[in-house]
file run28.cif (mmCIF, N, CA and C atoms)
data_work
#
loop_
_atom_site.label_atom_id
_atom_site.label_comp_id
_atom_site.auth_asym_id
_atom_site.auth_seq_id
_atom_site.Cartn_x
_atom_site.Cartn_y
_atom_site.Cartn_z
N MET C 1 74.26 64.53 189.58
CA MET C 1 72.89 64.81 189.22
C MET C 1 72.77 65.11 187.74
N ASP C 2 73.74 65.82 187.20
CA ASP C 2 73.68 66.17 185.78
C ASP C 2 73.69 64.94 184.91
N ARG C 3 74.54 63.99 185.22
CA ARG C 3 74.61 62.78 184.39
C ARG C 3 73.36 61.93 184.53
N ILE C 4 72.81 61.86 185.72
CA ILE C 4 71.57 61.11 185.91
C ILE C 4 70.45 61.76 185.11
N ALA C 5 70.42 63.08 185.08
CA ALA C 5 69.39 63.81 184.35
C ALA C 5 69.47 63.58 182.84
N GLU C 6 70.62 63.14 182.33
CA GLU C 6 70.75 62.87 180.90
C GLU C 6 69.86 61.72 180.46
N GLY C 7 69.43 60.87 181.39
CA GLY C 7 68.50 59.80 181.05
C GLY C 7 69.13 58.47 180.71
N ARG C 8 70.43 58.35 180.82
CA ARG C 8 71.08 57.07 180.51
C ARG C 8 71.45 56.31 181.78
N SER C 9 70.74 56.55 182.84
CA SER C 9 71.03 55.97 184.14
C SER C 9 69.84 55.13 184.59
N PRO C 10 70.07 54.11 185.40
CA PRO C 10 68.94 53.36 185.95
C PRO C 10 68.24 54.11 187.08
N PHE C 11 68.70 55.30 187.40
CA PHE C 11 68.15 56.08 188.50
C PHE C 11 67.31 57.24 187.99
N THR C 12 66.30 57.59 188.78
CA THR C 12 65.46 58.75 188.51
C THR C 12 65.58 59.69 189.69
N SER C 13 65.84 60.94 189.42
CA SER C 13 65.98 61.92 190.49
C SER C 13 64.62 62.23 191.11
N ASP C 14 64.58 62.22 192.44
CA ASP C 14 63.39 62.61 193.18
C ASP C 14 63.60 63.97 193.83
N GLY C 15 64.69 64.63 193.49
CA GLY C 15 64.95 65.97 194.00
C GLY C 15 65.96 66.00 195.13
N VAL C 16 66.01 67.14 195.76
CA VAL C 16 66.94 67.36 196.86
C VAL C 16 66.17 68.00 198.01
N ARG C 17 66.50 67.62 199.20
CA ARG C 17 65.91 68.26 200.38
C ARG C 17 67.01 68.57 201.38
N THR C 18 66.74 69.49 202.25
CA THR C 18 67.72 69.88 203.24
C THR C 18 67.32 69.31 204.59
N ILE C 19 68.25 68.59 205.21
CA ILE C 19 68.04 68.02 206.53
C ILE C 19 69.16 68.54 207.42
N ASP C 20 68.81 69.30 208.43
CA ASP C 20 69.80 69.91 209.34
C ASP C 20 70.86 70.68 208.56
N LYS C 21 70.40 71.50 207.63
CA LYS C 21 71.26 72.37 206.80
C LYS C 21 72.15 71.60 205.83
N ARG C 22 71.88 70.31 205.63
CA ARG C 22 72.68 69.49 204.73
C ARG C 22 71.82 69.03 203.55
N PRO C 23 72.26 69.32 202.31
CA PRO C 23 71.49 68.84 201.16
C PRO C 23 71.59 67.32 201.04
N VAL C 24 70.45 66.69 200.85
CA VAL C 24 70.37 65.24 200.66
C VAL C 24 69.67 65.02 199.32
N TYR C 25 70.36 64.39 198.40
CA TYR C 25 69.83 64.11 197.06
C TYR C 25 69.13 62.76 197.09
N GLU C 26 67.94 62.71 196.49
CA GLU C 26 67.12 61.50 196.52
C GLU C 26 66.93 60.95 195.12
N LEU C 27 67.00 59.63 195.01
CA LEU C 27 66.84 58.93 193.74
C LEU C 27 66.02 57.67 193.96
N THR C 28 65.41 57.17 192.89
CA THR C 28 64.82 55.85 192.90
C THR C 28 65.43 55.06 191.75
N GLY C 29 65.51 53.76 191.93
CA GLY C 29 66.01 52.90 190.87
C GLY C 29 66.44 51.56 191.39
N LEU C 30 66.40 50.58 190.52
CA LEU C 30 66.82 49.22 190.85
C LEU C 30 66.05 48.66 192.04
N GLY C 31 64.79 49.08 192.19
CA GLY C 31 63.94 48.58 193.25
C GLY C 31 64.22 49.16 194.63
N GLN C 32 65.06 50.18 194.68
CA GLN C 32 65.43 50.76 195.96
C GLN C 32 65.29 52.28 195.96
N LYS C 33 65.32 52.84 197.14
CA LYS C 33 65.39 54.28 197.33
C LYS C 33 66.86 54.59 197.62
N HIS C 34 67.39 55.62 196.98
CA HIS C 34 68.80 55.98 197.12
C HIS C 34 68.91 57.42 197.60
N PHE C 35 69.91 57.65 198.42
CA PHE C 35 70.21 59.00 198.91
C PHE C 35 71.71 59.19 198.81
N TYR C 36 72.14 60.40 198.55
CA TYR C 36 73.55 60.71 198.72
C TYR C 36 73.70 62.10 199.28
N PHE C 37 74.77 62.25 200.08
CA PHE C 37 75.03 63.50 200.77
C PHE C 37 76.51 63.57 201.11
N GLN C 38 76.96 64.75 201.48
CA GLN C 38 78.36 64.95 201.81
C GLN C 38 78.54 64.90 203.32
N ALA C 39 79.63 64.24 203.74
CA ALA C 39 80.03 64.19 205.14
C ALA C 39 81.52 64.51 205.17
N GLY C 40 81.84 65.75 205.51
CA GLY C 40 83.24 66.17 205.46
C GLY C 40 83.72 66.14 204.02
N THR C 41 84.77 65.37 203.77
CA THR C 41 85.32 65.25 202.41
C THR C 41 84.76 64.04 201.67
N GLN C 42 83.87 63.29 202.30
CA GLN C 42 83.32 62.08 201.69
C GLN C 42 81.93 62.33 201.12
N VAL C 43 81.60 61.57 200.09
CA VAL C 43 80.23 61.52 199.59
C VAL C 43 79.68 60.16 200.00
N ILE C 44 78.57 60.17 200.71
CA ILE C 44 77.95 58.94 201.20
C ILE C 44 76.76 58.62 200.31
N TRP C 45 76.72 57.39 199.80
CA TRP C 45 75.60 56.90 198.98
C TRP C 45 74.93 55.79 199.77
N LEU C 46 73.63 55.94 199.98
CA LEU C 46 72.85 54.97 200.73
C LEU C 46 71.77 54.41 199.83
N ALA C 47 71.66 53.10 199.78
CA ALA C 47 70.59 52.42 199.05
C ALA C 47 69.82 51.57 200.05
N ALA C 48 68.50 51.66 200.03
CA ALA C 48 67.68 50.92 200.99
C ALA C 48 66.35 50.53 200.39
N ASP C 49 65.76 49.49 200.96
CA ASP C 49 64.41 49.11 200.60
C ASP C 49 63.51 50.30 200.89
N PRO C 50 62.58 50.60 199.99
CA PRO C 50 61.73 51.78 200.20
C PRO C 50 61.02 51.82 201.55
N ALA C 51 60.65 50.68 202.09
CA ALA C 51 59.95 50.65 203.38
C ALA C 51 60.84 51.07 204.54
N LEU C 52 62.15 50.92 204.38
CA LEU C 52 63.10 51.23 205.44
C LEU C 52 63.92 52.47 205.16
N ALA C 53 63.71 53.09 204.02
CA ALA C 53 64.60 54.14 203.53
C ALA C 53 64.70 55.33 204.46
N GLU C 54 63.60 55.85 204.95
CA GLU C 54 63.66 57.05 205.81
C GLU C 54 64.40 56.77 207.11
N GLN C 55 64.13 55.64 207.71
CA GLN C 55 64.83 55.27 208.95
C GLN C 55 66.32 55.09 208.68
N ALA C 56 66.66 54.43 207.59
CA ALA C 56 68.07 54.22 207.24
C ALA C 56 68.77 55.55 206.98
N LEU C 57 68.08 56.47 206.32
CA LEU C 57 68.67 57.77 206.05
C LEU C 57 68.96 58.51 207.36
N GLN C 58 68.02 58.53 208.29
CA GLN C 58 68.25 59.22 209.55
C GLN C 58 69.43 58.62 210.31
N GLN C 59 69.56 57.30 210.29
CA GLN C 59 70.67 56.65 210.96
C GLN C 59 71.99 56.99 210.27
N ALA C 60 71.99 57.02 208.95
CA ALA C 60 73.22 57.35 208.21
C ALA C 60 73.65 58.78 208.47
N LEU C 61 72.69 59.70 208.53
CA LEU C 61 73.03 61.10 208.80
C LEU C 61 73.62 61.27 210.19
N GLN C 62 73.16 60.48 211.15
CA GLN C 62 73.73 60.53 212.49
C GLN C 62 75.12 59.90 212.54
N PHE C 63 75.31 58.83 211.79
CA PHE C 63 76.59 58.11 211.78
C PHE C 63 77.67 58.91 211.06
N PHE C 64 77.28 59.64 210.02
CA PHE C 64 78.22 60.45 209.22
C PHE C 64 77.91 61.93 209.43
N PRO C 65 78.42 62.51 210.52
CA PRO C 65 78.13 63.94 210.76
C PRO C 65 78.79 64.81 209.72
N ASP C 66 78.23 65.99 209.58
CA ASP C 66 78.75 66.95 208.59
C ASP C 66 80.07 67.52 209.03
#
call {"tool": "encode", "arguments": {"input": "run28.cif", "output": "structure tokens"}}
result
Amino acid sequence: MDRIAEGRSPFTSDGVRTIDKRPVYELTGLGQKHFYFQAGTQVIWLAADPALAEQALQQALQFFPD
């Protein structure tokens, strides 16, 4: 998030929200909606068409449990 905030990234931060006690970071850029979150020791980055983004995020959170 810090590097994206520097302004030299194609992404713009849309903030962070908590879903089921898990922080999910939201970004826009390159014509897509992006999310990233932690699942165990992994960081999951999801990019989706804005029209499908919320549904894709919910599916990803179910597929990658905390």
call {"tool": "closest_residue", "arguments": {"input": "run28.cif", "among": "C:Asp14, C:Val24, C:Ile4, C:Ala56", "to": "Val43 (chain C)", "atoms": "only C-alpha atoms"}}
result
C:Val24
call {"tool": "residues_around", "arguments": {"input": "run28.cif", "residues": "Leu27 (chain C)", "least_positions_apart": "2", "cutoff": "8 Å", "atoms": "all atoms listed in the file", "output": "compact mmCIF listing (two decimals) with N, CA and C atoms, in the frame of the given file"}}
result
# COMPACT_ATOMS: atom_id res chain seq x y z
N PHE C 11 68.70 55.30 187.40
CA PHE C 11 68.15 56.08 188.50
C PHE C 11 67.31 57.24 187.99
N THR C 12 66.30 57.59 188.78
CA THR C 12 65.46 58.75 188.51
C THR C 12 65.58 59.69 189.69
N SER C 13 65.84 60.94 189.42
CA SER C 13 65.98 61.92 190.49
C SER C 13 64.62 62.23 191.11
N ASP C 14 64.58 62.22 192.44
CA ASP C 14 63.39 62.61 193.18
C ASP C 14 63.60 63.97 193.83
N GLY C 15 64.69 64.63 193.49
CA GLY C 15 64.95 65.97 194.00
C GLY C 15 65.96 66.00 195.13
N VAL C 16 66.01 67.14 195.76
CA VAL C 16 66.94 67.36 196.86
C VAL C 16 66.17 68.00 198.01
N VAL C 24 70.45 66.69 200.85
CA VAL C 24 70.37 65.24 200.66
C VAL C 24 69.67 65.02 199.32
N TYR C 25 70.36 64.39 198.40
CA TYR C 25 69.83 64.11 197.06
C TYR C 25 69.13 62.76 197.09
N GLY C 29 65.51 53.76 191.93
CA GLY C 29 66.01 52.90 190.87
C GLY C 29 66.44 51.56 191.39
N LEU C 30 66.40 50.58 190.52
CA LEU C 30 66.82 49.22 190.85
C LEU C 30 66.05 48.66 192.04
N GLN C 32 65.06 50.18 194.68
CA GLN C 32 65.43 50.76 195.96
C GLN C 32 65.29 52.28 195.96
N LYS C 33 65.32 52.84 197.14
CA LYS C 33 65.39 54.28 197.33
C LYS C 33 66.86 54.59 197.62
N HIS C 34 67.39 55.62 196.98
CA HIS C 34 68.80 55.98 197.12
C HIS C 34 68.91 57.42 197.60
N PHE C 35 69.91 57.65 198.42
CA PHE C 35 70.21 59.00 198.91
C PHE C 35 71.71 59.19 198.81
N TYR C 36 72.14 60.40 198.55
CA TYR C 36 73.55 60.71 198.72
C TYR C 36 73.70 62.10 199.28
call {"tool": "atom_distance", "arguments": {"input": "run28.cif", "atom1": "CA of Arg17 (chain C)", "atom2": "CA of Gln62 (chain C)"}}
result
16.4 Å
call {"tool": "atom_distance", "arguments": {"input": "run28.cif", "atom1": "atom C of Ala47 (chain C)", "atom2": "atom N of Thr28 (chain C)"}}
result
10.1 Å
call {"tool": "residues_around", "arguments": {"input": "run28.cif", "residues": "Pro50 (chain C)", "least_positions_apart": "2", "cutoff": "6 Å", "atoms": "only N, CA and C atoms", "output": "PyMOL selection string"}}
result
chain C and resi 31-33+48+52-54
call {"tool": "select_by_dssp", "arguments": {"input": "run28.cif", "residues": "chain C", "states": "helix (DSSP H, G or I)", "output": "list in words"}}
result
Asp2, Arg3, Ile4, Ala5, Ala53, Glu54, Gln55, Ala56, Leu57, Gln58, Gln59, Ala60, Leu61, Gln62 and Phe63 of chain C
call {"tool": "residues_around", "arguments": {"input": "run28.cif", "residues": "Pro65 (chain C)", "least_positions_apart": "4", "cutoff": "6.5 Å", "atoms": "all atoms listed in the file", "output": "list of chain:residue names"}}
result
C:Gln38, C:Ala39, C:Gly40, C:Ala60, C:Leu61
call {"tool": "write_last_selection", "arguments": {"input": "run28.cif", "atoms": "N, CA and C atoms", "output": "PDB file, in the frame of the given file"}}
result
ATOM      1  N   GLN C  38      76.960  64.750 201.480  1.00  0.00           N
ATOM      2  CA  GLN C  38      78.360  64.950 201.810  1.00  0.00           C
ATOM      3  C   GLN C  38      78.540  64.900 203.320  1.00  0.00           C
ATOM      4  N   ALA C  39      79.630  64.240 203.740  1.00  0.00           N
ATOM      5  CA  ALA C  39      80.030  64.190 205.140  1.00  0.00           C
ATOM      6  C   ALA C  39      81.520  64.510 205.170  1.00  0.00           C
ATOM      7  N   GLY C  40      81.840  65.750 205.510  1.00  0.00           N
ATOM      8  CA  GLY C  40      83.240  66.170 205.460  1.00  0.00           C
ATOM      9  C   GLY C  40      83.720  66.140 204.020  1.00  0.00           C
ATOM     10  N   ALA C  60      71.990  57.020 208.950  1.00  0.00           N
ATOM     11  CA  ALA C  60      73.220  57.350 208.210  1.00  0.00           C
ATOM     12  C   ALA C  60      73.650  58.780 208.470  1.00  0.00           C
ATOM     13  N   LEU C  61      72.690  59.700 208.530  1.00  0.00           N
ATOM     14  CA  LEU C  61      73.030  61.100 208.800  1.00  0.00           C
ATOM     15  C   LEU C  61      73.620  61.270 210.190  1.00  0.00           C
TER      16      LEU C  61
END
call {"tool": "atom_distance", "arguments": {"input": "run28.cif", "atom1": "atom C of Ala51 (chain C)", "atom2": "atom C of Asp2 (chain C)"}}
result
27.3 Å
